[in-house]
Amino acid sequence: MNGKNKRSHTALANPLLFAALAVALYGCGPAEPSPPPKQVQVQRFAGVTLPGHAADARAAGFKDCDSSYYGYTCQFSGKFIVLGIEAKAASVKLNGRDKFTLEPGKAKNLEGDVRSKPPEVISYDEITVAFAPPNYDQRCVDKAARTNPSASWDRPVGCLLNRNSIPGLRDVLESGSWQQVNSRRSYRYMHPQEGVSIDLRDNTAQITPVSAEIRDGTLKELANRRVAEKAKEDAGRKFVNDMAK
């Protein structure tokens, strides 16, 4: 090979060498784009889309709004019904937090005064529902206490004079296959076929969307815990019976 051909061969080989080094260092092609963040599956409960934007809130009947730096609190106009129980009031809060991205680290939250943002970018993700305080027939309560002194402190739902209250809603939930799950501050209920959780505290209910994955995992854990507790109770009864023989 003469000098001219040798120089041409080297000039052609160098780009190939650089390409081979690039492949070895950086992989076999352009980097794959990161997958889009997982999105919340929109639910519908009690006639309300969860989560939703301002237009969804208005369409559902939340039209009477107060504004502040942090967002809008919009009250329901009319009678708000939860599983047949009539509420005293219901509201949603629209603000700049991203309610639609499941992964908090990828959520695109708005900053600054929410009143400066266009309505289509603000959203809500829960309904706050207020109920009338419960009213009981005291003679009924006293009779139940005499009949079963060891009963829990909860007054019998059969003694309620107004079922449009939190005890009335609890009765509907528990008779309708809703399961009470762990919560330190409230009674929390989930249903195997509903995409929301309902938290009862004092005279209010908080209705919040929940993913099927979280719901199913929570209910499975609850079922396993109940099986384990039953096994302990059965073992205890067997021991007592065996000792008595």
# chains A, B, ... in the order shown; residues from 1 in each chain; ligands from 1
>>> residues_around(residues="Tyr72 in chain A", least_positions_apart="3", cutoff="9 Å", atoms="only C-alpha atoms", output="number ranges by chain")
A: 65-69, 92-95, 114-115
>>> select_by_dssp(residues="range 95-160 of chain A", states="strand (DSSP E)", output="mmCIF file with all heavy atoms, in the first residue's frame")
data_model
loop_
_atom_site.group_PDB
_atom_site.id
_atom_site.type_symbol
_atom_site.label_atom_id
_atom_site.label_comp_id
_atom_site.auth_asym_id
_atom_site.auth_seq_id
_atom_site.Cartn_x
_atom_site.Cartn_y
_atom_site.Cartn_z
ATOM 1 N N SER A 123 -57.888 22.520 39.559
ATOM 2 C CA SER A 123 -58.640 21.277 39.683
ATOM 3 C C SER A 123 -58.918 20.951 41.146
ATOM 4 O O SER A 123 -58.379 21.563 42.066
ATOM 5 C CB SER A 123 -57.873 20.129 39.022
ATOM 6 O OG SER A 123 -56.610 19.966 39.638
ATOM 7 N N TYR A 124 -59.768 19.953 41.359
ATOM 8 C CA TYR A 124 -60.102 19.445 42.695
ATOM 9 C C TYR A 124 -59.994 17.925 42.658
ATOM 10 O O TYR A 124 -60.025 17.312 41.594
ATOM 11 C CB TYR A 124 -61.539 19.855 43.084
ATOM 12 C CG TYR A 124 -62.587 19.244 42.184
ATOM 13 C CD1 TYR A 124 -63.195 18.025 42.500
ATOM 14 C CD2 TYR A 124 -62.942 19.855 40.972
ATOM 15 C CE1 TYR A 124 -64.125 17.443 41.655
ATOM 16 C CE2 TYR A 124 -63.878 19.284 40.133
ATOM 17 C CZ TYR A 124 -64.467 18.079 40.475
ATOM 18 O OH TYR A 124 -65.386 17.499 39.631
ATOM 19 N N ILE A 127 -64.387 15.616 47.668
ATOM 20 C CA ILE A 127 -65.628 16.307 48.024
ATOM 21 C C ILE A 127 -65.734 16.281 49.545
ATOM 22 O O ILE A 127 -65.604 15.218 50.167
ATOM 23 C CB ILE A 127 -66.866 15.612 47.428
ATOM 24 C CG1 ILE A 127 -66.642 15.264 45.957
ATOM 25 C CG2 ILE A 127 -68.102 16.479 47.591
ATOM 26 C CD1 ILE A 127 -67.704 14.322 45.395
ATOM 27 N N THR A 128 -65.957 17.444 50.141
ATOM 28 C CA THR A 128 -66.201 17.529 51.567
ATOM 29 C C THR A 128 -67.702 17.666 51.783
ATOM 30 O O THR A 128 -68.323 18.591 51.258
ATOM 31 C CB THR A 128 -65.470 18.725 52.195
ATOM 32 O OG1 THR A 128 -64.063 18.592 51.963
ATOM 33 C CG2 THR A 128 -65.728 18.800 53.691
ATOM 34 N N VAL A 129 -68.281 16.725 52.531
ATOM 35 C CA VAL A 129 -69.731 16.677 52.713
ATOM 36 C C VAL A 129 -70.051 16.816 54.193
ATOM 37 O O VAL A 129 -69.504 16.082 55.023
ATOM 38 C CB VAL A 129 -70.321 15.355 52.178
ATOM 39 C CG1 VAL A 129 -71.835 15.407 52.173
ATOM 40 C CG2 VAL A 129 -69.798 15.068 50.768
ATOM 41 N N ALA A 130 -70.926 17.767 54.535
ATOM 42 C CA ALA A 130 -71.328 17.983 55.925
ATOM 43 C C ALA A 130 -72.747 17.469 56.137
ATOM 44 O O ALA A 130 -73.622 17.665 55.282
ATOM 45 C CB ALA A 130 -71.250 19.466 56.264
#
>>> closest_atom_pairs(of="range 79-190 of chain A", to="range 216-234 of chain A", cutoff="10 Å", atoms="only C-alpha atoms", output="Markdown table")
| residue | atom | partner | partner_atom | distance |
| --- | --- | --- | --- | --- |
| A:Gln179 | CA | A:Leu219 | CA | 7.6 |
| A:Gln180 | CA | A:Leu222 | CA | 8.8 |
| A:Val181 | CA | A:Leu222 | CA | 6.8 |
| A:Asn182 | CA | A:Leu222 | CA | 8.4 |
| A:Tyr189 | CA | A:Leu219 | CA | 9.9 |
| A:Met190 | CA | A:Leu219 | CA | 7.7 |
>>> write_last_selection(atoms="N, CA and C atoms", output="PDB file, in the first residue's frame")
ATOM      1  N   GLN A 179     -66.216  -1.740  53.173  1.00  0.00           N
ATOM      2  CA  GLN A 179     -65.386  -2.305  54.221  1.00  0.00           C
ATOM      3  C   GLN A 179     -64.673  -1.191  54.986  1.00  0.00           C
ATOM      4  N   GLN A 180     -64.722  -1.269  56.316  1.00  0.00           N
ATOM      5  CA  GLN A 180     -63.991  -0.297  57.119  1.00  0.00           C
ATOM      6  C   GLN A 180     -62.531  -0.706  57.180  1.00  0.00           C
ATOM      7  N   VAL A 181     -61.644   0.192  56.753  1.00  0.00           N
ATOM      8  CA  VAL A 181     -60.214  -0.097  56.707  1.00  0.00           C
ATOM      9  C   VAL A 181     -59.493   0.793  57.714  1.00  0.00           C
ATOM     10  N   ASN A 182     -58.210   0.520  57.896  1.00  0.00           N
ATOM     11  CA  ASN A 182     -57.450   1.231  58.923  1.00  0.00           C
ATOM     12  C   ASN A 182     -57.368   2.730  58.639  1.00  0.00           C
ATOM     13  N   TYR A 189     -63.804   3.943  54.667  1.00  0.00           N
ATOM     14  CA  TYR A 189     -64.486   2.842  53.996  1.00  0.00           C
ATOM     15  C   TYR A 189     -64.055   2.764  52.542  1.00  0.00           C
ATOM     16  N   MET A 190     -63.936   1.519  52.043  1.00  0.00           N
ATOM     17  CA  MET A 190     -63.693   1.260  50.631  1.00  0.00           C
ATOM     18  C   MET A 190     -64.629   0.150  50.170  1.00  0.00           C
TER      19      MET A 190
END
>>> closest_atom_pairs(of="range 28-97 of chain A", to="range 162-171 of chain A", cutoff="8 Å", atoms="only C-alpha atoms", output="tab-separated table")
residue	atom	partner	partner_atom	distance
A:Val82	CA	A:Leu169	CA	7.9
A:Leu83	CA	A:Leu169	CA	7.7
A:Ile85	CA	A:Asn164	CA	5.2
A:Glu86	CA	A:Asn164	CA	5.3
A:Ala87	CA	A:Asn164	CA	6.6
>>> write_last_selection(atoms="all heavy atoms", output="CSV table (one decimal), in the first residue's frame")
chain,number,residue,atom,x,y,z
A,82,VAL,N,-75.6,11.3,49.2
A,82,VAL,CA,-74.5,10.3,49.2
A,82,VAL,C,-75.2,9.0,49.6
A,82,VAL,O,-75.6,8.8,50.7
A,82,VAL,CB,-73.4,10.6,50.2
A,82,VAL,CG1,-72.3,9.6,50.2
A,82,VAL,CG2,-72.8,12.0,49.9
A,83,LEU,N,-75.3,8.1,48.6
A,83,LEU,CA,-75.9,6.7,48.8
A,83,LEU,C,-77.2,6.8,49.5
A,83,LEU,O,-77.5,6.0,50.4
A,83,LEU,CB,-74.9,5.9,49.7
A,83,LEU,CG,-73.5,5.7,49.0
A,83,LEU,CD1,-72.6,5.0,50.0
A,83,LEU,CD2,-73.6,4.9,47.7
A,85,ILE,N,-78.4,9.2,51.4
A,85,ILE,CA,-78.4,10.0,52.6
A,85,ILE,C,-78.2,11.5,52.2
A,85,ILE,O,-77.2,11.8,51.5
A,85,ILE,CB,-77.2,9.6,53.6
A,85,ILE,CG1,-77.4,8.2,54.0
A,85,ILE,CG2,-77.2,10.5,54.8
A,85,ILE,CD1,-78.7,7.8,54.7
A,86,GLU,N,-79.1,12.4,52.6
A,86,GLU,CA,-79.0,13.8,52.2
A,86,GLU,C,-78.1,14.6,53.1
A,86,GLU,O,-78.2,14.5,54.3
A,86,GLU,CB,-80.4,14.4,52.3
A,86,GLU,CG,-80.5,15.8,51.8
A,86,GLU,CD,-81.9,16.4,51.8
A,86,GLU,OE1,-82.9,15.6,51.7
A,86,GLU,OE2,-82.0,17.6,52.0
A,87,ALA,N,-77.2,15.3,52.5
A,87,ALA,CA,-76.2,16.1,53.2
A,87,ALA,C,-76.8,17.5,53.5
A,87,ALA,O,-77.7,18.0,52.8
A,87,ALA,CB,-74.9,16.2,52.4
>>> closest_residue(among="A:Val40, A:Ala132, A:Ile198, A:Ile81", to="Gly52 in chain A", atoms="only C-alpha atoms")
A:Val40
>>> atom_distance(atom1="CA of Pro104 in chain A", atom2="CA of Gly47 in chain A")
27.1 Å
>>> closest_residue(among="A:Phe239, A:Phe100, A:Trp178, A:Phe62", to="Pro37 in chain A", atoms="only C-alpha atoms")
A:Phe100
>>> select_by_dssp(residues="range 31-209 of chain A", states="alpha helix (DSSP H)", output="PyMOL selection string")
chain A and resi 54-60+138-147+166-175
>>> write_last_selection(atoms="N, CA and C atoms", output="mmCIF file, in the first residue's frame")
data_model
loop_
_atom_site.group_PDB
_atom_site.id
_atom_site.type_symbol
_atom_site.label_atom_id
_atom_site.label_comp_id
_atom_site.auth_asym_id
_atom_site.auth_seq_id
_atom_site.Cartn_x
_atom_site.Cartn_y
_atom_site.Cartn_z
ATOM 1 N N ALA A 54 -62.435 22.910 36.800
ATOM 2 C CA ALA A 54 -63.481 23.876 37.143
ATOM 3 C C ALA A 54 -64.770 23.609 36.371
ATOM 4 N N ALA A 55 -64.651 23.254 35.108
ATOM 5 C CA ALA A 55 -65.842 22.983 34.299
ATOM 6 C C ALA A 55 -66.605 21.777 34.832
ATOM 7 N N ASP A 56 -65.874 20.768 35.329
ATOM 8 C CA ASP A 56 -66.518 19.587 35.903
ATOM 9 C C ASP A 56 -67.250 19.947 37.189
ATOM 10 N N ALA A 57 -66.622 20.790 38.010
ATOM 11 C CA ALA A 57 -67.257 21.210 39.259
ATOM 12 C C ALA A 57 -68.549 21.969 38.972
ATOM 13 N N ARG A 58 -68.502 22.869 38.022
ATOM 14 C CA ARG A 58 -69.695 23.643 37.684
ATOM 15 C C ARG A 58 -70.788 22.744 37.120
ATOM 16 N N ALA A 59 -70.416 21.808 36.252
ATOM 17 C CA ALA A 59 -71.399 20.899 35.659
ATOM 18 C C ALA A 59 -72.064 20.027 36.718
ATOM 19 N N ALA A 60 -71.325 19.700 37.793
ATOM 20 C CA ALA A 60 -71.865 18.851 38.856
ATOM 21 C C ALA A 60 -72.729 19.631 39.834
ATOM 22 N N GLN A 138 -83.917 8.983 73.065
ATOM 23 C CA GLN A 138 -83.192 8.604 74.272
ATOM 24 C C GLN A 138 -83.808 7.406 74.978
ATOM 25 N N ARG A 139 -85.130 7.297 74.955
ATOM 26 C CA ARG A 139 -85.754 6.129 75.585
ATOM 27 C C ARG A 139 -85.331 4.840 74.876
ATOM 28 N N CYS A 140 -85.211 4.915 73.551
ATOM 29 C CA CYS A 140 -84.738 3.759 72.780
ATOM 30 C C CYS A 140 -83.306 3.417 73.149
ATOM 31 N N VAL A 141 -82.467 4.437 73.308
ATOM 32 C CA VAL A 141 -81.066 4.217 73.670
ATOM 33 C C VAL A 141 -80.971 3.590 75.055
ATOM 34 N N ASP A 142 -81.752 4.102 76.015
ATOM 35 C CA ASP A 142 -81.724 3.576 77.381
ATOM 36 C C ASP A 142 -82.186 2.121 77.416
ATOM 37 N N LYS A 143 -83.221 1.821 76.661
ATOM 38 C CA LYS A 143 -83.723 0.442 76.617
ATOM 39 C C LYS A 143 -82.672 -0.495 76.041
ATOM 40 N N ALA A 144 -81.994 -0.061 74.992
ATOM 41 C CA ALA A 144 -80.951 -0.891 74.388
ATOM 42 C C ALA A 144 -79.808 -1.121 75.371
ATOM 43 N N ALA A 145 -79.471 -0.098 76.173
ATOM 44 C CA ALA A 145 -78.394 -0.237 77.154
ATOM 45 C C ALA A 145 -78.774 -1.228 78.248
ATOM 46 N N ARG A 146 -80.055 -1.213 78.643
ATOM 47 C CA ARG A 146 -80.498 -2.159 79.675
ATOM 48 C C ARG A 146 -80.519 -3.591 79.125
ATOM 49 N N THR A 147 -80.901 -3.713 77.849
ATOM 50 C CA THR A 147 -80.990 -5.041 77.234
ATOM 51 C C THR A 147 -79.622 -5.659 77.022
ATOM 52 N N ILE A 166 -74.205 11.222 59.924
ATOM 53 C CA ILE A 166 -73.074 10.300 59.762
ATOM 54 C C ILE A 166 -73.411 8.888 60.234
ATOM 55 N N PRO A 167 -74.077 8.686 61.389
ATOM 56 C CA PRO A 167 -74.442 7.312 61.750
ATOM 57 C C PRO A 167 -75.357 6.656 60.722
ATOM 58 N N GLY A 168 -76.249 7.442 60.110
ATOM 59 C CA GLY A 168 -77.097 6.900 59.056
ATOM 60 C C GLY A 168 -76.296 6.498 57.839
ATOM 61 N N LEU A 169 -75.294 7.299 57.484
ATOM 62 C CA LEU A 169 -74.435 6.972 56.350
ATOM 63 C C LEU A 169 -73.587 5.742 56.663
ATOM 64 N N ARG A 170 -73.072 5.650 57.891
ATOM 65 C CA ARG A 170 -72.301 4.466 58.279
ATOM 66 C C ARG A 170 -73.132 3.191 58.133
ATOM 67 N N ASP A 171 -74.379 3.271 58.532
ATOM 68 C CA ASP A 171 -75.262 2.109 58.430
ATOM 69 C C ASP A 171 -75.433 1.686 56.976
ATOM 70 N N VAL A 172 -75.601 2.668 56.095
ATOM 71 C CA VAL A 172 -75.751 2.370 54.665
ATOM 72 C C VAL A 172 -74.470 1.753 54.118
ATOM 73 N N LEU A 173 -73.315 2.302 54.495
ATOM 74 C CA LEU A 173 -72.038 1.779 54.014
ATOM 75 C C LEU A 173 -71.834 0.333 54.460
ATOM 76 N N GLU A 174 -72.063 0.076 55.735
ATOM 77 C CA GLU A 174 -71.774 -1.252 56.273
ATOM 78 C C GLU A 174 -72.767 -2.308 55.807
ATOM 79 N N SER A 175 -73.962 -1.877 55.450
ATOM 80 C CA SER A 175 -74.938 -2.837 54.917
ATOM 81 C C SER A 175 -74.827 -2.974 53.404
#
>>> residues_around(residues="Thr208 in chain A", least_positions_apart="4", cutoff="8 Å", atoms="only C-alpha atoms", output="ChimeraX atom specification")
/A:50,125-127,196-198
>>> write_last_selection(atoms="C-alpha atoms", output="compact mmCIF listing (two decimals), in the first residue's frame")
# COMPACT_ATOMS: atom_id res chain seq x y z
CA LEU A 50 -63.12 12.88 40.57
CA ASP A 125 -59.79 15.84 43.84
CA GLU A 126 -62.16 15.41 46.80
CA ILE A 127 -65.63 16.31 48.02
CA VAL A 196 -63.29 6.22 45.98
CA SER A 197 -62.64 6.03 49.69
CA ILE A 198 -65.04 7.66 52.17
>>> residues_around(residues="Ser211 in chain A", least_positions_apart="2", cutoff="8 Å", atoms="only C-alpha atoms", output="short mmCIF file (atom, residue, chain, number, x, y, z; two decimals) with all heavy atoms, in the first residue's frame")
data_model
loop_
_atom_site.label_atom_id
_atom_site.label_comp_id
_atom_site.auth_asym_id
_atom_site.auth_seq_id
_atom_site.Cartn_x
_atom_site.Cartn_y
_atom_site.Cartn_z
N VAL A 40 -53.93 9.36 36.96
CA VAL A 40 -55.05 8.90 37.78
C VAL A 40 -56.21 8.52 36.87
O VAL A 40 -56.51 9.22 35.90
CB VAL A 40 -55.48 10.01 38.76
CG1 VAL A 40 -56.78 9.65 39.46
CG2 VAL A 40 -54.38 10.27 39.78
N GLN A 41 -56.87 7.42 37.19
CA GLN A 41 -58.08 7.04 36.45
C GLN A 41 -59.24 7.85 37.01
O GLN A 41 -59.56 7.77 38.19
CB GLN A 41 -58.36 5.55 36.59
CG GLN A 41 -59.57 5.09 35.77
CD GLN A 41 -59.79 3.59 35.85
OE1 GLN A 41 -59.03 2.88 36.52
NE2 GLN A 41 -60.82 3.11 35.19
N GLY A 195 -64.33 3.40 43.00
CA GLY A 195 -63.02 4.03 42.88
C GLY A 195 -62.79 5.18 43.82
O GLY A 195 -62.01 6.09 43.52
N VAL A 196 -63.48 5.16 44.99
CA VAL A 196 -63.29 6.22 45.98
C VAL A 196 -63.17 5.60 47.37
O VAL A 196 -63.61 4.47 47.60
CB VAL A 196 -64.46 7.23 45.99
CG1 VAL A 196 -64.58 7.92 44.64
CG2 VAL A 196 -65.77 6.56 46.38
N PRO A 209 -60.85 10.05 45.43
CA PRO A 209 -60.58 8.95 44.50
C PRO A 209 -59.43 8.09 44.98
O PRO A 209 -58.49 8.58 45.61
CB PRO A 209 -60.23 9.66 43.18
CG PRO A 209 -59.79 11.02 43.59
CD PRO A 209 -60.56 11.37 44.81
N GLU A 213 -55.44 -0.33 42.28
CA GLU A 213 -54.31 -1.05 42.88
C GLU A 213 -54.28 -0.86 44.39
O GLU A 213 -54.15 -1.83 45.15
CB GLU A 213 -53.01 -0.57 42.26
CG GLU A 213 -51.77 -1.27 42.78
CD GLU A 213 -50.49 -0.74 42.16
OE1 GLU A 213 -50.56 0.21 41.35
OE2 GLU A 213 -49.41 -1.28 42.47
N ILE A 214 -54.42 0.38 44.84
CA ILE A 214 -54.39 0.66 46.27
C ILE A 214 -55.63 0.07 46.95
O ILE A 214 -55.55 -0.55 48.01
CB ILE A 214 -54.30 2.17 46.53
CG1 ILE A 214 -52.92 2.68 46.09
CG2 ILE A 214 -54.55 2.50 48.00
CD1 ILE A 214 -52.75 4.18 46.22
N ARG A 215 -56.79 0.26 46.32
CA ARG A 215 -58.03 -0.28 46.89
C ARG A 215 -57.96 -1.79 47.06
O ARG A 215 -58.23 -2.32 48.15
CB ARG A 215 -59.20 0.08 45.99
CG ARG A 215 -60.55 -0.48 46.43
CD ARG A 215 -61.51 -0.49 45.27
NE ARG A 215 -61.06 -1.39 44.20
CZ ARG A 215 -61.47 -1.32 42.94
NH1 ARG A 215 -62.32 -0.39 42.57
NH2 ARG A 215 -61.01 -2.18 42.05
#
>>> atom_distance(atom1="CA of Gln39 in chain A", atom2="CA of Pro192 in chain A")
20.6 Å
>>> atom_distance(atom1="CA of Asn135 in chain A", atom2="CA of Gly158 in chain A")
11.4 Å
>>> decode(residues="range 194-206 of chain A", atoms="N, CA, C and O atoms", output="PDB file, in the first residue's frame")
ATOM      1  N   GLU A 194     -65.863   0.273  43.799  1.00  0.00           N
ATOM      2  CA  GLU A 194     -65.917   1.728  43.722  1.00  0.00           C
ATOM      3  C   GLU A 194     -64.504   2.304  43.708  1.00  0.00           C
ATOM      4  O   GLU A 194     -63.596   1.768  44.333  1.00  0.00           O
ATOM      5  N   GLY A 195     -64.331   3.403  42.999  1.00  0.00           N
ATOM      6  CA  GLY A 195     -63.021   4.025  42.876  1.00  0.00           C
ATOM      7  C   GLY A 195     -62.793   5.179  43.825  1.00  0.00           C
ATOM      8  O   GLY A 195     -62.007   6.086  43.517  1.00  0.00           O
ATOM      9  N   VAL A 196     -63.479   5.165  44.989  1.00  0.00           N
ATOM     10  CA  VAL A 196     -63.292   6.216  45.977  1.00  0.00           C
ATOM     11  C   VAL A 196     -63.167   5.596  47.368  1.00  0.00           C
ATOM     12  O   VAL A 196     -63.606   4.470  47.603  1.00  0.00           O
ATOM     13  N   SER A 197     -62.566   6.354  48.271  1.00  0.00           N
ATOM     14  CA  SER A 197     -62.642   6.032  49.689  1.00  0.00           C
ATOM     15  C   SER A 197     -63.486   7.101  50.354  1.00  0.00           C
ATOM     16  O   SER A 197     -63.528   8.256  49.899  1.00  0.00           O
ATOM     17  N   ILE A 198     -64.184   6.720  51.435  1.00  0.00           N
ATOM     18  CA  ILE A 198     -65.035   7.656  52.169  1.00  0.00           C
ATOM     19  C   ILE A 198     -64.566   7.678  53.611  1.00  0.00           C
ATOM     20  O   ILE A 198     -64.582   6.655  54.298  1.00  0.00           O
ATOM     21  N   ASP A 199     -64.114   8.848  54.070  1.00  0.00           N
ATOM     22  CA  ASP A 199     -63.658   9.020  55.443  1.00  0.00           C
ATOM     23  C   ASP A 199     -64.722   9.768  56.236  1.00  0.00           C
ATOM     24  O   ASP A 199     -65.136  10.875  55.841  1.00  0.00           O
ATOM     25  N   LEU A 200     -65.147   9.172  57.349  1.00  0.00           N
ATOM     26  CA  LEU A 200     -66.156   9.781  58.213  1.00  0.00           C
ATOM     27  C   LEU A 200     -65.482  10.283  59.478  1.00  0.00           C
ATOM     28  O   LEU A 200     -64.787   9.524  60.173  1.00  0.00           O
ATOM     29  N   ARG A 201     -65.708  11.544  59.789  1.00  0.00           N
ATOM     30  CA  ARG A 201     -65.136  12.122  61.005  1.00  0.00           C
ATOM     31  C   ARG A 201     -66.072  13.201  61.511  1.00  0.00           C
ATOM     32  O   ARG A 201     -66.441  14.118  60.770  1.00  0.00           O
ATOM     33  N   ASP A 202     -66.445  13.095  62.794  1.00  0.00           N
ATOM     34  CA  ASP A 202     -67.413  14.014  63.380  1.00  0.00           C
ATOM     35  C   ASP A 202     -68.682  14.002  62.524  1.00  0.00           C
ATOM     36  O   ASP A 202     -69.268  12.956  62.334  1.00  0.00           O
ATOM     37  N   ASN A 203     -69.055  15.135  61.965  1.00  0.00           N
ATOM     38  CA  ASN A 203     -70.273  15.191  61.145  1.00  0.00           C
ATOM     39  C   ASN A 203     -69.972  15.436  59.675  1.00  0.00           C
ATOM     40  O   ASN A 203     -70.812  15.963  58.935  1.00  0.00           O
ATOM     41  N   THR A 204     -68.776  15.056  59.230  1.00  0.00           N
ATOM     42  CA  THR A 204     -68.396  15.261  57.836  1.00  0.00           C
ATOM     43  C   THR A 204     -67.898  13.973  57.200  1.00  0.00           C
ATOM     44  O   THR A 204     -67.444  13.056  57.877  1.00  0.00           O
ATOM     45  N   ALA A 205     -67.976  13.939  55.881  1.00  0.00           N
ATOM     46  CA  ALA A 205     -67.435  12.840  55.083  1.00  0.00           C
ATOM     47  C   ALA A 205     -66.516  13.435  54.021  1.00  0.00           C
ATOM     48  O   ALA A 205     -66.844  14.456  53.420  1.00  0.00           O
ATOM     49  N   GLN A 206     -65.375  12.797  53.829  1.00  0.00           N
ATOM     50  CA  GLN A 206     -64.429  13.203  52.793  1.00  0.00           C
ATOM     51  C   GLN A 206     -64.405  12.105  51.740  1.00  0.00           C
ATOM     52  O   GLN A 206     -64.067  10.954  52.042  1.00  0.00           O
TER      53      GLN A 206
END
